[in-house]
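One structure below.
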Amino acid sequence: EAMIAKNKKPTSEQIAVAAKDADMEVREVEVWVRRKQRELMPSKLNKFKEAFWRLFFYTTVFTYGTTLLWQEDFFWDTMLCWVGFPDLTWAVKKSLYYYYLLEGSFYLSLMVSQFMDTKRKDFWEMFVHHIATLALIGGSWFGGCYRVGAIVMATHDISDVFLEAAKTSIYLKKNFWSNIFFGIFTISFFSSRLVYFPLKVVFCALVQGSAVVHNWPAHLLHCSFLLVLQVLHIYWFTYIIKLLIKIAAGNDVDKDDRSEDETPPSSETEAKKDN
């Protein structure tokens with residue numbers, strides 16, 4: 001128990017030491033470790049509930065945010081984001097306030113729950129993403145740049161809707177729909193995060209905003225976080241390309257490519273390997 005508590009994937013040396021301490025055969029400890037690992041793995045039902053909850057949230061908040069921004073002139077002409085800067089937070093529309101409250105609380109919960117969820121290969125990249133996102137949400141709100149902040153949030157939500165739809169389809173074993181949703185996710189991710197985000201949002205902050213606020217330190221910090229997000233977008237797109245190649249080869253999307261091996265081999269499988 002102590003060995004598993006410290007390391008969920010103990011090495012053969014650690015297993016040998018544990019077997020000696022417990023006065024057991026190494027084979028017996030290996031079987032016990034695999035059984036314990038399977039118990040600690042989240043069930044498909046739990047994964048489905050997590051994906052469906054995120055699908056519900058992203059769909060709701062994206063619909064709300066898009067409806068809100070569609071009526072604003074600064075959404076169509078980003079230069080208007082800086083008219084009257086710095087904005088007074090108390091003068092913000094309640095609808096925009098609720099939008100910020102929803103997004104901020106959600107990403108805060110994601111950052112905390114990340115340490116309790118299944119660990120993924122991009123754990124620290126995702127952690128940096130949450131830090132940068134929360135810094136941008138909080139900084140843009142208190143710094144009076146909430147118009148730009150609202151556009152940043154809406155830009156990120158659209159692709160997440162289709163990503164969670166693809167995951168939900170996987171857990172329901174609807175491989176055809178998972179491939180369809182993943183294809184839509186790829187298009188929306190590329191267009192929103194690799195085209196619109198750098199050309200419109202980053203340009204709005206770095207070029208249009210700098211002409212208004214000049215060398216305000218807080219603004220420079222906000223711009224640096226936007227660039228961090230852009231680097232992460234490029235990094236994650238490499239995973240997307242890998243999955244596209246997999247689908248093109250005739251394989252279905254059957255799991256999140258960022259996940260580490262989630263199902264330890266059974267004792268029977270290992271026994272066959274030994275024989």
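A note on labels: chains of the structure tokens are A, B, ... as shown, every chain counts residues from 1, and ligands are counted from 1 in their shown order.
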Exercise. May I have all residues of region 11-242 of chain A that DSSP, computed from the backbone, assigns to alpha helix (DSSP H), given as a ChimeraX atom specification?
Key: /A:12-22,26-40,44-70,73-76,94-113,123-142,146-171,175-189,203,210-213,217-242
Distance table requested - region 30-142 of chain A against region 148-163 of chain A, cut-off 12 Å, only C-alpha atoms: one row per qualifying residue with the closest atom pair and its distance in Å to one decimal, ordered by chain and rising residue number, as JSON lines.
```
{"residue": "A:Ala51", "atom": "CA", "partner": "A:Leu163", "partner_atom": "CA", "distance": 9.1}
{"residue": "A:Phe52", "atom": "CA", "partner": "A:Val161", "partner_atom": "CA", "distance": 10.1}
{"residue": "A:Trp53", "atom": "CA", "partner": "A:Val161", "partner_atom": "CA", "distance": 10.9}
{"residue": "A:Arg54", "atom": "CA", "partner": "A:Val161", "partner_atom": "CA", "distance": 8.0}
{"residue": "A:Leu55", "atom": "CA", "partner": "A:Val161", "partner_atom": "CA", "distance": 5.6}
{"residue": "A:Phe56", "atom": "CA", "partner": "A:Val161", "partner_atom": "CA", "distance": 8.2}
{"residue": "A:Phe57", "atom": "CA", "partner": "A:Val161", "partner_atom": "CA", "distance": 8.5}
{"residue": "A:Tyr58", "atom": "CA", "partner": "A:Val161", "partner_atom": "CA", "distance": 5.4}
{"residue": "A:Thr59", "atom": "CA", "partner": "A:Val161", "partner_atom": "CA", "distance": 5.7}
{"residue": "A:Thr60", "atom": "CA", "partner": "A:Val161", "partner_atom": "CA", "distance": 9.3}
{"residue": "A:Val61", "atom": "CA", "partner": "A:Asp157", "partner_atom": "CA", "distance": 7.7}
{"residue": "A:Phe62", "atom": "CA", "partner": "A:Asp157", "partner_atom": "CA", "distance": 5.7}
{"residue": "A:Thr63", "atom": "CA", "partner": "A:Ile158", "partner_atom": "CA", "distance": 9.0}
{"residue": "A:Tyr64", "atom": "CA", "partner": "A:Ala154", "partner_atom": "CA", "distance": 9.3}
{"residue": "A:Gly65", "atom": "CA", "partner": "A:Ala154", "partner_atom": "CA", "distance": 6.1}
{"residue": "A:Thr66", "atom": "CA", "partner": "A:Ala154", "partner_atom": "CA", "distance": 6.6}
{"residue": "A:Thr67", "atom": "CA", "partner": "A:Ala154", "partner_atom": "CA", "distance": 10.2}
{"residue": "A:Leu68", "atom": "CA", "partner": "A:Ala150", "partner_atom": "CA", "distance": 9.5}
{"residue": "A:Leu69", "atom": "CA", "partner": "A:Ile151", "partner_atom": "CA", "distance": 7.7}
{"residue": "A:Trp70", "atom": "CA", "partner": "A:Ile151", "partner_atom": "CA", "distance": 10.4}
{"residue": "A:Glu72", "atom": "CA", "partner": "A:Ile151", "partner_atom": "CA", "distance": 10.7}
{"residue": "A:Asp73", "atom": "CA", "partner": "A:Ile151", "partner_atom": "CA", "distance": 11.9}
{"residue": "A:Phe74", "atom": "CA", "partner": "A:Val148", "partner_atom": "CA", "distance": 8.6}
{"residue": "A:Phe75", "atom": "CA", "partner": "A:Ile151", "partner_atom": "CA", "distance": 7.0}
{"residue": "A:Trp76", "atom": "CA", "partner": "A:Ile151", "partner_atom": "CA", "distance": 10.3}
{"residue": "A:Asp77", "atom": "CA", "partner": "A:Val148", "partner_atom": "CA", "distance": 11.2}
{"residue": "A:Thr78", "atom": "CA", "partner": "A:Val148", "partner_atom": "CA", "distance": 7.9}
{"residue": "A:Met79", "atom": "CA", "partner": "A:Val148", "partner_atom": "CA", "distance": 9.9}
{"residue": "A:Leu80", "atom": "CA", "partner": "A:Val148", "partner_atom": "CA", "distance": 9.8}
{"residue": "A:Cys81", "atom": "CA", "partner": "A:Val148", "partner_atom": "CA", "distance": 6.3}
{"residue": "A:Trp82", "atom": "CA", "partner": "A:Val148", "partner_atom": "CA", "distance": 8.7}
{"residue": "A:Val83", "atom": "CA", "partner": "A:Val148", "partner_atom": "CA", "distance": 11.7}
{"residue": "A:Phe85", "atom": "CA", "partner": "A:Val148", "partner_atom": "CA", "distance": 11.5}
{"residue": "A:Asp87", "atom": "CA", "partner": "A:Val148", "partner_atom": "CA", "distance": 11.5}
{"residue": "A:Val92", "atom": "CA", "partner": "A:Ala150", "partner_atom": "CA", "distance": 11.8}
{"residue": "A:Ser95", "atom": "CA", "partner": "A:Ala150", "partner_atom": "CA", "distance": 11.1}
{"residue": "A:Leu96", "atom": "CA", "partner": "A:Ala150", "partner_atom": "CA", "distance": 7.8}
{"residue": "A:Tyr97", "atom": "CA", "partner": "A:Ala150", "partner_atom": "CA", "distance": 9.9}
{"residue": "A:Tyr98", "atom": "CA", "partner": "A:Ala150", "partner_atom": "CA", "distance": 11.1}
{"residue": "A:Tyr99", "atom": "CA", "partner": "A:Ala150", "partner_atom": "CA", "distance": 7.9}
{"residue": "A:Tyr100", "atom": "CA", "partner": "A:Ala150", "partner_atom": "CA", "distance": 7.5}
{"residue": "A:Leu101", "atom": "CA", "partner": "A:Ala150", "partner_atom": "CA", "distance": 11.2}
{"residue": "A:Leu102", "atom": "CA", "partner": "A:Met153", "partner_atom": "CA", "distance": 10.6}
{"residue": "A:Glu103", "atom": "CA", "partner": "A:Met153", "partner_atom": "CA", "distance": 7.6}
{"residue": "A:Gly104", "atom": "CA", "partner": "A:Met153", "partner_atom": "CA", "distance": 9.8}
{"residue": "A:Phe106", "atom": "CA", "partner": "A:Met153", "partner_atom": "CA", "distance": 11.7}
{"residue": "A:Tyr107", "atom": "CA", "partner": "A:Met153", "partner_atom": "CA", "distance": 10.8}
{"residue": "A:His129", "atom": "CA", "partner": "A:His156", "partner_atom": "CA", "distance": 11.5}
{"residue": "A:Ala132", "atom": "CA", "partner": "A:Val152", "partner_atom": "CA", "distance": 11.8}
{"residue": "A:Thr133", "atom": "CA", "partner": "A:Met153", "partner_atom": "CA", "distance": 8.7}
{"residue": "A:Leu134", "atom": "CA", "partner": "A:Met153", "partner_atom": "CA", "distance": 10.6}
{"residue": "A:Ala135", "atom": "CA", "partner": "A:Gly149", "partner_atom": "CA", "distance": 10.5}
{"residue": "A:Leu136", "atom": "CA", "partner": "A:Gly149", "partner_atom": "CA", "distance": 6.9}
{"residue": "A:Ile137", "atom": "CA", "partner": "A:Gly149", "partner_atom": "CA", "distance": 6.2}
{"residue": "A:Gly138", "atom": "CA", "partner": "A:Gly149", "partner_atom": "CA", "distance": 9.1}
{"residue": "A:Gly139", "atom": "CA", "partner": "A:Gly149", "partner_atom": "CA", "distance": 8.8}
{"residue": "A:Ser140", "atom": "CA", "partner": "A:Gly149", "partner_atom": "CA", "distance": 5.7}
{"residue": "A:Trp141", "atom": "CA", "partner": "A:Gly149", "partner_atom": "CA", "distance": 7.5}
{"residue": "A:Phe142", "atom": "CA", "partner": "A:Gly149", "partner_atom": "CA", "distance": 10.9}
```
I need the residues from that last selection saved to file as an mmCIF file, in the first residue's frame (with C-alpha atoms), if you can.
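Saved to result-v8.cif:
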```cif
data_model
loop_
_atom_site.group_PDB
_atom_site.id
_atom_site.type_symbol
_atom_site.label_atom_id
_atom_site.label_comp_id
_atom_site.auth_asym_id
_atom_site.auth_seq_id
_atom_site.Cartn_x
_atom_site.Cartn_y
_atom_site.Cartn_z
ATOM 1 C CA ALA A 51 -16.666 14.818 -20.619
ATOM 2 C CA PHE A 52 -20.441 15.349 -20.719
ATOM 3 C CA TRP A 53 -20.266 17.968 -17.961
ATOM 4 C CA ARG A 54 -17.576 19.863 -19.860
ATOM 5 C CA LEU A 55 -19.572 19.552 -23.086
ATOM 6 C CA PHE A 56 -22.589 21.047 -21.334
ATOM 7 C CA PHE A 57 -20.546 23.881 -19.833
ATOM 8 C CA TYR A 58 -18.636 24.824 -22.991
ATOM 9 C CA THR A 59 -21.811 24.709 -25.118
ATOM 10 C CA THR A 60 -23.687 26.876 -22.628
ATOM 11 C CA VAL A 61 -20.940 29.421 -22.009
ATOM 12 C CA PHE A 62 -19.985 29.684 -25.685
ATOM 13 C CA THR A 63 -23.614 30.290 -26.660
ATOM 14 C CA TYR A 64 -23.955 32.877 -23.908
ATOM 15 C CA GLY A 65 -20.657 34.600 -24.738
ATOM 16 C CA THR A 66 -21.252 34.661 -28.498
ATOM 17 C CA THR A 67 -24.776 36.046 -28.061
ATOM 18 C CA LEU A 68 -23.355 38.726 -25.788
ATOM 19 C CA LEU A 69 -20.438 39.699 -28.037
ATOM 20 C CA TRP A 70 -22.465 39.595 -31.246
ATOM 21 C CA GLU A 72 -21.028 44.650 -29.289
ATOM 22 C CA ASP A 73 -19.264 46.882 -31.809
ATOM 23 C CA PHE A 74 -15.820 46.053 -30.405
ATOM 24 C CA PHE A 75 -16.309 42.408 -31.392
ATOM 25 C CA TRP A 76 -16.368 43.435 -35.069
ATOM 26 C CA ASP A 77 -13.814 46.235 -34.846
ATOM 27 C CA THR A 78 -11.185 45.351 -32.232
ATOM 28 C CA MET A 79 -9.772 48.888 -32.255
ATOM 29 C CA LEU A 80 -12.928 49.869 -30.349
ATOM 30 C CA CYS A 81 -11.706 47.675 -27.462
ATOM 31 C CA TRP A 82 -9.426 50.552 -26.516
ATOM 32 C CA VAL A 83 -11.850 53.444 -26.840
ATOM 33 C CA PHE A 85 -9.433 53.006 -21.898
ATOM 34 C CA ASP A 87 -12.677 51.201 -18.606
ATOM 35 C CA VAL A 92 -19.517 46.909 -16.977
ATOM 36 C CA SER A 95 -24.128 40.199 -18.706
ATOM 37 C CA LEU A 96 -20.374 40.654 -19.229
ATOM 38 C CA TYR A 97 -19.777 40.438 -15.477
ATOM 39 C CA TYR A 98 -21.575 37.077 -15.333
ATOM 40 C CA TYR A 99 -19.579 35.887 -18.362
ATOM 41 C CA TYR A 100 -16.333 36.634 -16.542
ATOM 42 C CA LEU A 101 -17.621 35.035 -13.355
ATOM 43 C CA LEU A 102 -18.558 31.819 -15.160
ATOM 44 C CA GLU A 103 -15.287 31.505 -17.044
ATOM 45 C CA GLY A 104 -13.059 32.447 -14.105
ATOM 46 C CA PHE A 106 -14.639 27.212 -14.206
ATOM 47 C CA TYR A 107 -10.937 27.522 -15.035
ATOM 48 C CA HIS A 129 -2.432 27.062 -19.683
ATOM 49 C CA ALA A 132 -2.110 31.947 -18.062
ATOM 50 C CA THR A 133 -5.872 31.861 -18.618
ATOM 51 C CA LEU A 134 -6.691 32.846 -15.033
ATOM 52 C CA ALA A 135 -4.042 35.575 -15.145
ATOM 53 C CA LEU A 136 -5.602 36.968 -18.325
ATOM 54 C CA ILE A 137 -9.142 36.769 -16.948
ATOM 55 C CA GLY A 138 -8.225 38.422 -13.664
ATOM 56 C CA GLY A 139 -5.758 40.873 -15.150
ATOM 57 C CA SER A 140 -8.029 42.018 -17.963
ATOM 58 C CA TRP A 141 -10.904 42.504 -15.522
ATOM 59 C CA PHE A 142 -9.055 44.524 -12.920
#
```
Quiz item: What does the distance from CA of Ala165 (chain A) to CA of Asn179 (chain A) come to in Å, to one decimal?
Solution: 10.2 Å
Quiz item: Between A:Lys242, A:Leu229, A:Tyr196, A:Val201, which one has atoms that come closest to Val128 (chain A), using only C-alpha atoms?
Solution: A:Leu229
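Of the residues under consideration (A:Leu172, A:Met116, A:Ile187, A:Ala19), A:Ile187 shows the shortest atom-to-atom contact distance to Phe237 (chain A) when counting only C-alpha atoms.
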